[in-house]
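Reproduced below: start.pdb, with PDB, C-alpha atoms.
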```
ATOM      1  CA  MET C  47    -150.843 -28.992 103.950
ATOM      2  CA  SER C  48    -151.767 -32.604 103.196
ATOM      3  CA  ASN C  49    -152.681 -35.109 105.908
ATOM      4  CA  THR C  50    -152.422 -38.123 103.617
ATOM      5  CA  SER C  51    -149.148 -39.377 105.087
ATOM      6  CA  THR C  52    -150.692 -39.729 108.553
ATOM      7  CA  ILE C  53    -153.771 -41.855 107.801
ATOM      8  CA  PHE C  54    -154.258 -44.898 110.035
ATOM      9  CA  THR C  55    -156.868 -47.543 109.235
ATOM     10  CA  GLU C  56    -158.576 -49.973 111.614
ATOM     11  CA  GLU C  57    -161.470 -52.405 111.293
ATOM     12  CA  HIS C  58    -163.895 -52.975 114.151
ATOM     13  CA  ASN C  59    -167.183 -54.730 114.768
ATOM     14  CA  ILE C  60    -169.396 -52.480 116.881
ATOM     15  CA  GLN C  61    -172.697 -54.327 116.374
ATOM     16  CA  THR C  62    -171.898 -53.968 112.654
ATOM     17  CA  PRO C  63    -168.617 -53.971 110.691
ATOM     18  CA  CYS C  64    -166.937 -50.556 110.690
ATOM     19  CA  LYS C  65    -163.846 -49.037 109.119
ATOM     20  CA  LEU C  66    -162.108 -46.329 111.123
ATOM     21  CA  PHE C  67    -159.671 -43.866 109.556
ATOM     22  CA  VAL C  68    -157.610 -41.541 111.750
ATOM     23  CA  VAL C  69    -156.015 -38.534 110.074
ATOM     24  CA  GLY C  70    -153.600 -36.431 112.101
ATOM     25  CA  ALA C  71    -154.723 -35.351 115.563
ATOM     26  CA  PRO C  72    -158.541 -35.511 115.301
ATOM     27  CA  GLN C  73    -160.470 -32.339 116.018
ATOM     28  CA  VAL C  74    -163.735 -33.520 114.480
ATOM     29  CA  LEU C  75    -165.558 -36.841 113.992
ATOM     30  CA  LEU C  76    -167.073 -37.926 110.674
ATOM     31  CA  ILE C  77    -169.710 -40.667 110.342
ATOM     32  CA  GLN C  78    -170.961 -42.154 107.072
ATOM     33  CA  PRO C  79    -173.041 -45.228 106.183
ATOM     34  CA  SER C  80    -171.399 -47.394 103.532
ATOM     35  CA  ALA C  81    -172.505 -50.194 101.241
ATOM     36  CA  ARG C  82    -170.966 -52.516  98.685
ATOM     37  CA  HIS C  83    -171.185 -49.984  95.861
ATOM     38  CA  GLU C  84    -169.116 -47.516  97.904
ATOM     39  CA  GLU C  85    -166.415 -50.129  98.457
ATOM     40  CA  LYS C  86    -165.700 -50.436  94.732
ATOM     41  CA  ASN C  87    -162.148 -49.427  93.793
ATOM     42  CA  ASP C  88    -161.448 -48.788  97.475
ATOM     43  CA  GLY C  89    -163.860 -45.866  97.376
ATOM     44  CA  VAL C  90    -163.925 -45.185 101.115
ATOM     45  CA  ARG C  91    -160.130 -44.926 101.298
ATOM     46  CA  CYS C  92    -160.182 -42.631  98.270
ATOM     47  CA  GLU C  93    -162.758 -40.417  99.986
ATOM     48  CA  VAL C  94    -160.666 -40.159 103.151
ATOM     49  CA  ASP C  95    -157.569 -39.292 101.094
ATOM     50  CA  LEU C  96    -159.474 -36.527  99.326
ATOM     51  CA  ILE C  97    -160.782 -35.043 102.578
ATOM     52  CA  ALA C  98    -157.273 -35.104 104.016
ATOM     53  CA  GLN C  99    -155.916 -33.338 100.935
ATOM     54  CA  ALA C 100    -158.612 -30.678 101.088
ATOM     55  CA  SER C 101    -158.463 -29.879 104.804
ATOM     56  CA  PRO C 102    -155.519 -29.435 107.199
ATOM     57  CA  THR C 103    -157.761 -30.273 110.156
ATOM     58  CA  GLY C 104    -157.243 -33.707 111.715
ATOM     59  CA  PHE C 105    -160.264 -36.000 111.854
ATOM     60  CA  ALA C 106    -161.453 -39.486 112.732
ATOM     61  CA  MET C 107    -163.864 -40.960 110.199
ATOM     62  CA  VAL C 108    -165.898 -44.135 110.551
ATOM     63  CA  PHE C 109    -167.844 -45.936 107.833
ATOM     64  CA  PHE C 110    -170.417 -48.395 109.150
ATOM     65  CA  ASP C 111    -171.653 -51.220 106.943
ATOM     66  CA  CYS C 112    -175.243 -51.152 105.680
ATOM     67  CA  VAL C 113    -175.818 -54.576 104.153
ATOM     68  CA  GLU C 114    -179.470 -53.737 103.481
ATOM     69  CA  TRP C 115    -178.984 -50.186 102.204
ATOM     70  CA  ALA C 116    -182.632 -49.144 101.788
ATOM     71  CA  ARG C 117    -183.784 -50.903 104.954
ATOM     72  CA  ALA C 118    -181.156 -49.149 107.068
ATOM     73  CA  LEU C 119    -181.543 -45.634 105.668
ATOM     74  CA  MET C 120    -185.043 -44.977 104.287
ATOM     75  CA  PRO C 121    -187.056 -42.890 106.805
ATOM     76  CA  TRP C 122    -190.364 -44.226 105.440
ATOM     77  CA  ALA C 123    -191.624 -46.520 102.709
ATOM     78  CA  ASP C 124    -191.659 -45.545  99.049
ATOM     79  CA  ASP C 125    -192.360 -48.161  96.378
ATOM     80  CA  ALA C 126    -190.198 -46.223  93.918
ATOM     81  CA  VAL C 127    -187.209 -47.118  96.091
ATOM     82  CA  SER C 128    -188.198 -50.630  97.162
ATOM     83  CA  ARG C 129    -191.251 -52.827  97.650
ATOM     84  CA  ASP C 130    -189.580 -54.593 100.568
ATOM     85  CA  ALA C 131    -192.021 -54.402 103.490
ATOM     86  CA  GLU C 132    -189.135 -53.743 105.895
ATOM     87  CA  VAL C 133    -187.991 -50.585 104.085
ATOM     88  CA  GLY C 134    -189.063 -47.505 106.002
ATOM     89  CA  ARG C 135    -189.028 -49.211 109.401
ATOM     90  CA  HIS C 136    -185.379 -49.231 110.426
ATOM     91  CA  ALA C 137    -183.954 -45.717 109.995
ATOM     92  CA  PRO C 138    -184.692 -45.019 113.693
ATOM     93  CA  ASP C 139    -182.702 -48.153 114.570
ATOM     94  CA  THR C 140    -179.769 -46.903 112.489
ATOM     95  CA  LEU C 141    -179.896 -43.492 114.130
ATOM     96  CA  ARG C 142    -180.109 -45.119 117.560
ATOM     97  CA  PHE C 143    -177.003 -47.173 116.765
ATOM     98  CA  ILE C 144    -175.107 -44.039 115.719
ATOM     99  CA  GLU C 145    -176.216 -41.901 118.627
ATOM    100  CA  HIS C 146    -176.024 -44.438 121.453
ATOM    101  CA  THR C 147    -173.334 -46.890 120.342
ATOM    102  CA  LEU C 148    -171.066 -45.585 117.594
ATOM    103  CA  LEU C 149    -170.736 -41.962 118.679
ATOM    104  CA  PRO C 150    -170.072 -42.781 122.372
ATOM    105  CA  TRP C 151    -167.431 -45.299 121.235
ATOM    106  CA  LEU C 152    -165.725 -42.630 119.130
ATOM    107  CA  ARG C 153    -165.862 -40.016 121.878
ATOM    108  CA  GLU C 154    -164.504 -42.444 124.446
ATOM    109  CA  ARG C 155    -161.466 -42.807 122.241
ATOM    110  CA  PHE C 156    -161.026 -39.303 120.827
ATOM    111  CA  GLY C 157    -162.836 -37.037 123.274
ATOM    112  CA  ALA C 158    -166.065 -35.028 123.069
ATOM    113  CA  LEU C 159    -165.484 -33.733 119.560
ATOM    114  CA  PRO C 160    -168.168 -32.306 117.254
ATOM    115  CA  CYS C 161    -169.546 -34.825 114.773
ATOM    116  CA  ILE C 162    -170.461 -34.468 111.095
ATOM    117  CA  ILE C 163    -172.983 -36.909 109.615
ATOM    118  CA  GLY C 164    -172.917 -37.425 105.871
ATOM    119  CA  GLY C 165    -173.410 -39.717 102.937
ATOM    120  CA  TYR C 166    -174.235 -40.160  99.276
ATOM    121  CA  SER C 167    -177.641 -40.804  97.696
ATOM    122  CA  LEU C 168    -179.783 -42.565 100.348
ATOM    123  CA  GLY C 169    -176.910 -41.841 102.750
ATOM    124  CA  GLY C 170    -177.333 -38.114 102.118
ATOM    125  CA  LEU C 171    -181.098 -38.397 102.578
ATOM    126  CA  PHE C 172    -180.572 -40.238 105.854
ATOM    127  CA  ALA C 173    -178.115 -37.587 107.075
ATOM    128  CA  LEU C 174    -180.627 -34.784 106.480
ATOM    129  CA  TRP C 175    -183.364 -36.804 108.160
ATOM    130  CA  ALA C 176    -181.136 -37.698 111.126
ATOM    131  CA  ALA C 177    -180.221 -34.048 111.771
ATOM    132  CA  ARG C 178    -183.937 -33.338 112.101
ATOM    133  CA  ASN C 179    -184.294 -36.015 114.784
ATOM    134  CA  THR C 180    -181.331 -35.393 117.088
ATOM    135  CA  ASP C 181    -179.039 -32.539 118.076
ATOM    136  CA  ALA C 182    -176.021 -34.883 118.063
ATOM    137  CA  PHE C 183    -174.594 -33.617 114.757
ATOM    138  CA  ALA C 184    -172.686 -30.402 114.264
ATOM    139  CA  ALA C 185    -172.889 -30.425 110.445
ATOM    140  CA  VAL C 186    -174.389 -32.380 107.539
ATOM    141  CA  ALA C 187    -172.641 -33.446 104.310
ATOM    142  CA  ALA C 188    -175.416 -34.531 101.914
ATOM    143  CA  ALA C 189    -174.062 -35.468  98.481
ATOM    144  CA  SER C 190    -176.680 -36.130  95.789
ATOM    145  CA  PRO C 191    -179.317 -36.877  98.476
ATOM    146  CA  SER C 192    -182.405 -38.804  97.350
ATOM    147  CA  LEU C 193    -184.844 -36.020  98.199
ATOM    148  CA  TRP C 194    -187.231 -37.096  95.444
ATOM    149  CA  ILE C 195    -188.921 -39.647  97.742
ATOM    150  CA  ASN C 196    -192.614 -39.080  98.414
ATOM    151  CA  GLY C 197    -193.361 -36.645 101.203
ATOM    152  CA  TRP C 198    -189.873 -35.264 101.768
ATOM    153  CA  GLY C 199    -190.730 -31.620 101.126
ATOM    154  CA  GLU C 200    -193.649 -31.626 103.579
ATOM    155  CA  TYR C 201    -191.630 -33.486 106.204
ATOM    156  CA  ALA C 202    -188.621 -31.168 105.899
ATOM    157  CA  ALA C 203    -190.779 -28.052 106.199
ATOM    158  CA  ALA C 204    -192.439 -29.369 109.373
ATOM    159  CA  HIS C 205    -189.199 -30.616 110.975
ATOM    160  CA  PRO C 206    -186.384 -28.033 111.076
ATOM    161  CA  ILE C 207    -182.769 -29.059 111.537
ATOM    162  CA  LEU C 208    -182.010 -29.312 115.252
ATOM    163  CA  SER C 209    -179.266 -26.992 116.489
ATOM    164  CA  PRO C 210    -176.341 -29.047 117.779
ATOM    165  CA  GLN C 211    -175.058 -28.957 121.312
ATOM    166  CA  ALA C 212    -171.372 -28.871 120.375
ATOM    167  CA  THR C 213    -168.856 -29.452 123.145
ATOM    168  CA  ILE C 214    -166.226 -26.786 123.794
ATOM    169  CA  LEU C 215    -163.219 -29.036 123.711
ATOM    170  CA  ALA C 216    -160.503 -29.782 121.149
ATOM    171  CA  LEU C 217    -161.967 -28.031 118.114
ATOM    172  CA  ALA C 218    -163.096 -24.993 120.065
ATOM    173  CA  SER C 219    -159.931 -24.548 122.085
ATOM    174  CA  GLY C 220    -157.284 -25.974 119.793
ATOM    175  CA  LYS C 221    -156.139 -28.431 122.448
ATOM    176  CA  SER C 222    -154.356 -31.649 121.614
ATOM    177  CA  ARG C 223    -156.084 -35.010 121.979
ATOM    178  CA  ALA C 224    -154.172 -35.677 125.220
ATOM    179  CA  GLN C 225    -155.156 -32.291 126.645
ATOM    180  CA  ASN C 226    -158.727 -32.876 125.516
ATOM    181  CA  SER C 227    -158.798 -36.238 127.324
ATOM    182  CA  THR C 228    -157.516 -34.606 130.510
ATOM    183  CA  LEU C 229    -160.103 -31.849 130.289
ATOM    184  CA  LYS C 230    -162.869 -34.422 129.739
ATOM    185  CA  THR C 231    -161.763 -36.284 132.859
ATOM    186  CA  GLN C 232    -161.695 -33.122 134.955
ATOM    187  CA  ASN C 233    -165.229 -32.123 133.969
ATOM    188  CA  SER C 234    -167.957 -34.594 134.784
ATOM    189  CA  THR C 235    -170.428 -32.529 132.740
ATOM    190  CA  PRO C 236    -169.095 -31.269 129.374
ATOM    191  CA  GLN C 237    -169.474 -27.583 128.603
ATOM    192  CA  HIS C 238    -171.669 -26.824 125.610
ATOM    193  CA  ILE C 239    -172.500 -24.095 123.152
ATOM    194  CA  THR C 240    -175.321 -23.994 120.629
ATOM    195  CA  THR C 241    -174.265 -23.436 117.026
ATOM    196  CA  THR C 242    -175.956 -23.217 113.641
ATOM    197  CA  THR C 243    -175.599 -26.421 111.647
ATOM    198  CA  PRO C 244    -173.555 -26.011 108.449
ATOM    199  CA  ILE C 245    -175.094 -28.066 105.633
ATOM    200  CA  HIS C 246    -173.531 -28.946 102.297
ATOM    201  CA  LEU C 247    -175.902 -30.056  99.531
ATOM    202  CA  SER C 248    -174.728 -31.194  96.106
ATOM    203  CA  LEU C 249    -176.140 -32.645  92.916
ATOM    204  CA  GLY C 250    -174.920 -33.723  89.507
ATOM    205  CA  ASP C 251    -176.125 -31.348  86.810
ATOM    206  CA  CYS C 252    -177.460 -34.234  84.697
ATOM    207  CA  GLU C 253    -179.408 -35.948  87.479
ATOM    208  CA  GLU C 254    -182.629 -34.067  86.812
ATOM    209  CA  HIS C 255    -182.474 -34.985  83.123
ATOM    210  CA  CYS C 256    -182.876 -38.730  83.590
ATOM    211  CA  ARG C 257    -185.806 -40.677  82.089
ATOM    212  CA  ASN C 258    -187.295 -41.846  85.383
ATOM    213  CA  GLN C 259    -190.282 -39.575  86.060
ATOM    214  CA  ARG C 260    -189.854 -39.684  89.835
ATOM    215  CA  MET C 261    -186.100 -39.243  89.938
ATOM    216  CA  LYS C 262    -186.075 -36.391  87.450
ATOM    217  CA  ARG C 263    -187.768 -34.275  90.162
ATOM    218  CA  ILE C 264    -184.480 -34.283  92.077
ATOM    219  CA  GLY C 265    -183.289 -30.905  90.791
ATOM    220  CA  ASP C 266    -186.392 -29.081  92.004
ATOM    221  CA  CYS C 267    -186.346 -31.075  95.258
ATOM    222  CA  VAL C 268    -182.764 -30.131  96.068
ATOM    223  CA  ARG C 269    -183.331 -26.490  95.141
ATOM    224  CA  ALA C 270    -186.375 -26.452  97.429
ATOM    225  CA  GLU C 271    -184.359 -28.026 100.253
ATOM    226  CA  HIS C 272    -181.639 -25.409  99.834
ATOM    227  CA  THR C 273    -184.186 -22.580  99.970
ATOM    228  CA  LEU C 274    -185.888 -24.113 103.008
ATOM    229  CA  LEU C 275    -182.624 -24.612 104.904
ATOM    230  CA  CYS C 276    -181.545 -21.039 104.163
ATOM    231  CA  GLN C 277    -184.805 -19.906 105.743
ATOM    232  CA  GLN C 278    -184.623 -22.283 108.716
ATOM    233  CA  LEU C 279    -180.927 -21.691 109.435
ATOM    234  CA  SER C 280    -179.248 -18.880 107.502
ATOM    235  CA  PRO C 281    -178.000 -18.404 103.929
ATOM    236  CA  THR C 282    -174.399 -18.460 105.138
ATOM    237  CA  ALA C 283    -174.849 -21.842 106.866
ATOM    238  CA  VAL C 284    -175.960 -23.680 103.726
ATOM    239  CA  THR C 285    -174.303 -24.255 100.371
ATOM    240  CA  LEU C 286    -175.494 -25.989  97.201
ATOM    241  CA  ARG C 287    -172.793 -27.302  94.866
ATOM    242  CA  TRP C 288    -173.518 -28.459  91.315
ATOM    243  CA  HIS C 289    -171.206 -31.097  89.854
ATOM    244  CA  GLU C 290    -170.820 -32.254  86.283
ATOM    245  CA  GLY C 291    -172.462 -35.576  85.450
ATOM    246  CA  GLY C 292    -175.246 -37.840  86.588
ATOM    247  CA  HIS C 293    -175.931 -39.696  89.793
ATOM    248  CA  PHE C 294    -173.551 -42.596  89.268
ATOM    249  CA  GLY C 295    -170.043 -41.247  89.172
ATOM    250  CA  ALA C 296    -167.460 -39.433  91.297
ATOM    251  CA  GLU C 297    -169.233 -40.472  94.505
ATOM    252  CA  ALA C 298    -166.061 -40.322  96.611
ATOM    253  CA  GLU C 299    -165.058 -36.936  95.192
ATOM    254  CA  ARG C 300    -168.470 -35.359  95.764
ATOM    255  CA  THR C 301    -168.861 -36.712  99.291
ATOM    256  CA  ALA C 302    -165.298 -35.762 100.222
ATOM    257  CA  GLU C 303    -165.897 -32.192  99.073
ATOM    258  CA  ALA C 304    -169.043 -32.027 101.208
ATOM    259  CA  PHE C 305    -167.255 -33.271 104.334
ATOM    260  CA  ALA C 306    -164.233 -31.006 103.786
ATOM    261  CA  TRP C 307    -166.505 -27.961 103.450
ATOM    262  CA  CYS C 308    -168.324 -28.879 106.674
ATOM    263  CA  ILE C 309    -165.031 -29.302 108.532
ATOM    264  CA  GLU C 310    -163.826 -25.871 107.508
ATOM    265  CA  GLN C 311    -167.158 -24.284 108.449
ATOM    266  CA  LEU C 312    -166.919 -25.808 111.927
ATOM    267  CA  VAL C 313    -163.323 -24.666 112.353
ATOM    268  CA  HIS C 314    -164.344 -21.155 111.334
ATOM    269  CA  ASN C 315    -167.405 -21.137 113.612
ATOM    270  CA  PHE C 316    -165.528 -22.382 116.663
ATOM    271  CA  GLN C 317    -162.761 -19.819 116.156
ATOM    272  CA  GLN C 318    -165.270 -16.983 116.416
ATOM    273  CA  PRO C 319    -165.736 -15.378 119.855
ATOM    274  CA  GLN C 320    -168.558 -17.129 121.700
ATOM    275  CA  LYS C 321    -171.214 -15.030 123.410
TER
END
```

Is it possible to express this structure as structure tokens?
Amino acid sequence: MSNTSTIFTEEHNIQTPCKLFVVGAPQVLLIQPSARHEEKNDGVRCEVDLIAQASPTGFAMVFFDCVEWARALMPWADDAVSRDAEVGRHAPDTLRFIEHTLLPWLRERFGALPCIIGGYSLGGLFALWAARNTDAFAAVAAASPSLWINGWGEYAAAHPILSPQATILALASGKSRAQNSTLKTQNSTPQHITTTTPIHLSLGDCEEHCRNQRMKRIGDCVRAEHTLLCQQLSPTAVTLRWHEGGHFGAEAERTAEAFAWCIEQLVHNFQQPQK
């Protein structure tokens, strides 16, 4: 069943410009950094449409504007990405904005729903880094993540994904948004369960065949990340999807597939009996 006929769009300025899309009765929150290249041909709207077509589960999705893409998302400096002295200093600021401003704003409006962090390229890299620095995210959608940056493999091995503290509210119980709001009001301290973080990795099958000597490592880097995450989490919690083509193309389609997979994994996990 398609949700595309029930998509509502709003623009807000929550420290930074944001686009909010509401599809059906939200049971999960999606957060993604966006930049000018993702706005081409109305790419963010296309991505939301594709997620809605792929999943019957209602969701609220917010794209927040990253004017300085590398500054906002790079976890540390790498001259192969940028020689800007500010790159590598501000990823903690971006994560702080998500965790302490954007996510509370979303949950005030929609209830204490589980949240999926995701993105494309540097956005996918940031999502995987963020999930290693907070337990705020219930799943990660990392499409063509830039894992070829210096030091990623060592960092990832030393910093496992943090298990999310996912609230037992709308997604877990199947309650409506109104019922969820009432339940949130009645409980001053939300109930929680710990779950394994579903992670969707993807890569274009031509990306590792580029001429750039650093970037052509991406295939081995993503395979290594998949193996590592299977060890740190479980093989059933992680998937690696190979797409046709290189890095620049079908960004909305690849990212939408990653988010839709994460949504369905969460729905499945929360429907299982909790111990």

Nearby residues (all atoms listed in the file) at most 10 Å from region 121-125 of chain C, same-chain spacing under 5 positions excluded, as a PDB file with C-alpha atoms, keeping the file's coordinate frame:
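As a result, part_6.pdb now contains:
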```pdb
ATOM      1  CA  ALA C 116    -182.632 -49.144 101.788  1.00  0.00           C
ATOM      2  CA  ASP C 130    -189.580 -54.593 100.568  1.00  0.00           C
ATOM      3  CA  ALA C 131    -192.021 -54.402 103.490  1.00  0.00           C
ATOM      4  CA  GLU C 132    -189.135 -53.743 105.895  1.00  0.00           C
ATOM      5  CA  VAL C 133    -187.991 -50.585 104.085  1.00  0.00           C
ATOM      6  CA  GLY C 134    -189.063 -47.505 106.002  1.00  0.00           C
ATOM      7  CA  ARG C 135    -189.028 -49.211 109.401  1.00  0.00           C
ATOM      8  CA  HIS C 136    -185.379 -49.231 110.426  1.00  0.00           C
ATOM      9  CA  ALA C 137    -183.954 -45.717 109.995  1.00  0.00           C
ATOM     10  CA  PRO C 138    -184.692 -45.019 113.693  1.00  0.00           C
ATOM     11  CA  LEU C 168    -179.783 -42.565 100.348  1.00  0.00           C
ATOM     12  CA  LEU C 171    -181.098 -38.397 102.578  1.00  0.00           C
ATOM     13  CA  PHE C 172    -180.572 -40.238 105.854  1.00  0.00           C
ATOM     14  CA  TRP C 175    -183.364 -36.804 108.160  1.00  0.00           C
ATOM     15  CA  ALA C 176    -181.136 -37.698 111.126  1.00  0.00           C
ATOM     16  CA  ILE C 195    -188.921 -39.647  97.742  1.00  0.00           C
ATOM     17  CA  ASN C 196    -192.614 -39.080  98.414  1.00  0.00           C
ATOM     18  CA  GLY C 197    -193.361 -36.645 101.203  1.00  0.00           C
ATOM     19  CA  TRP C 198    -189.873 -35.264 101.768  1.00  0.00           C
TER      20      TRP C 198
END
```

### Query
Could you write out as a PyMOL selection string the residues that the PyMOL selection byres ((chain C and resi 270) around 12) matches in the shown file?
chain C and resi 193-194+198-200+202-203+247+263-269+271-277+286

### Message
When the PyMOL selection byres ((chain C and resi 97) around 8) is applied to the structure above, which residues does it catch, written out as a PyMOL selection string?
### Response
chain C and resi 93-96+98-101+302-303+305-306

### Task
Go ahead and find all residues with at least one atom no further than 12 Å from (-160.8, -53.0, 111.1) in the file's coordinates, using only C-alpha atoms; report them as a PyMOL selection string.
chain C and resi 54-60+62-68+108-111

Written selection (C-alpha atoms) as an mmCIF file, in the frame of the given file:
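Saved result, result22.cif, follows:
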```
data_model
loop_
_atom_site.group_PDB
_atom_site.id
_atom_site.type_symbol
_atom_site.label_atom_id
_atom_site.label_comp_id
_atom_site.auth_asym_id
_atom_site.auth_seq_id
_atom_site.Cartn_x
_atom_site.Cartn_y
_atom_site.Cartn_z
ATOM 1 C CA PHE C 54 -154.258 -44.898 110.035
ATOM 2 C CA THR C 55 -156.868 -47.543 109.235
ATOM 3 C CA GLU C 56 -158.576 -49.973 111.614
ATOM 4 C CA GLU C 57 -161.470 -52.405 111.293
ATOM 5 C CA HIS C 58 -163.895 -52.975 114.151
ATOM 6 C CA ASN C 59 -167.183 -54.730 114.768
ATOM 7 C CA ILE C 60 -169.396 -52.480 116.881
ATOM 8 C CA THR C 62 -171.898 -53.968 112.654
ATOM 9 C CA PRO C 63 -168.617 -53.971 110.691
ATOM 10 C CA CYS C 64 -166.937 -50.556 110.690
ATOM 11 C CA LYS C 65 -163.846 -49.037 109.119
ATOM 12 C CA LEU C 66 -162.108 -46.329 111.123
ATOM 13 C CA PHE C 67 -159.671 -43.866 109.556
ATOM 14 C CA VAL C 68 -157.610 -41.541 111.750
ATOM 15 C CA VAL C 108 -165.898 -44.135 110.551
ATOM 16 C CA PHE C 109 -167.844 -45.936 107.833
ATOM 17 C CA PHE C 110 -170.417 -48.395 109.150
ATOM 18 C CA ASP C 111 -171.653 -51.220 106.943
#
```

Return as AutoDock Vina command-line options the box centre and box size in Å, one decimal, for an axis-aligned box around all listed atoms of region 192-201 of chain C padded by 5 Å per side.
```
--center_x -188.0 --center_y -35.6 --center_z 100.8 --size_x 21.2 --size_y 18.0 --size_z 20.8
```

### Message
Nearest residue to Val313 (chain C) out of C:Val90, C:Ala184, C:Ile144, C:Ala126, using only C-alpha atoms?
### Response
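Residue with the minimum atom-to-atom distance to Val313 (chain C): C:Ala184.
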
### Query
Quick one: distance from CA of Glu145 (chain C) to CA of Thr282 (chain C) in Å, one decimal?
27.1 Å

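Compared by their closest atoms to Ser190 (chain C), and using all atoms listed in the file, the residues C:Thr301, C:Asn258, C:Ser209, C:Gln311 rank with C:Thr301 nearest.
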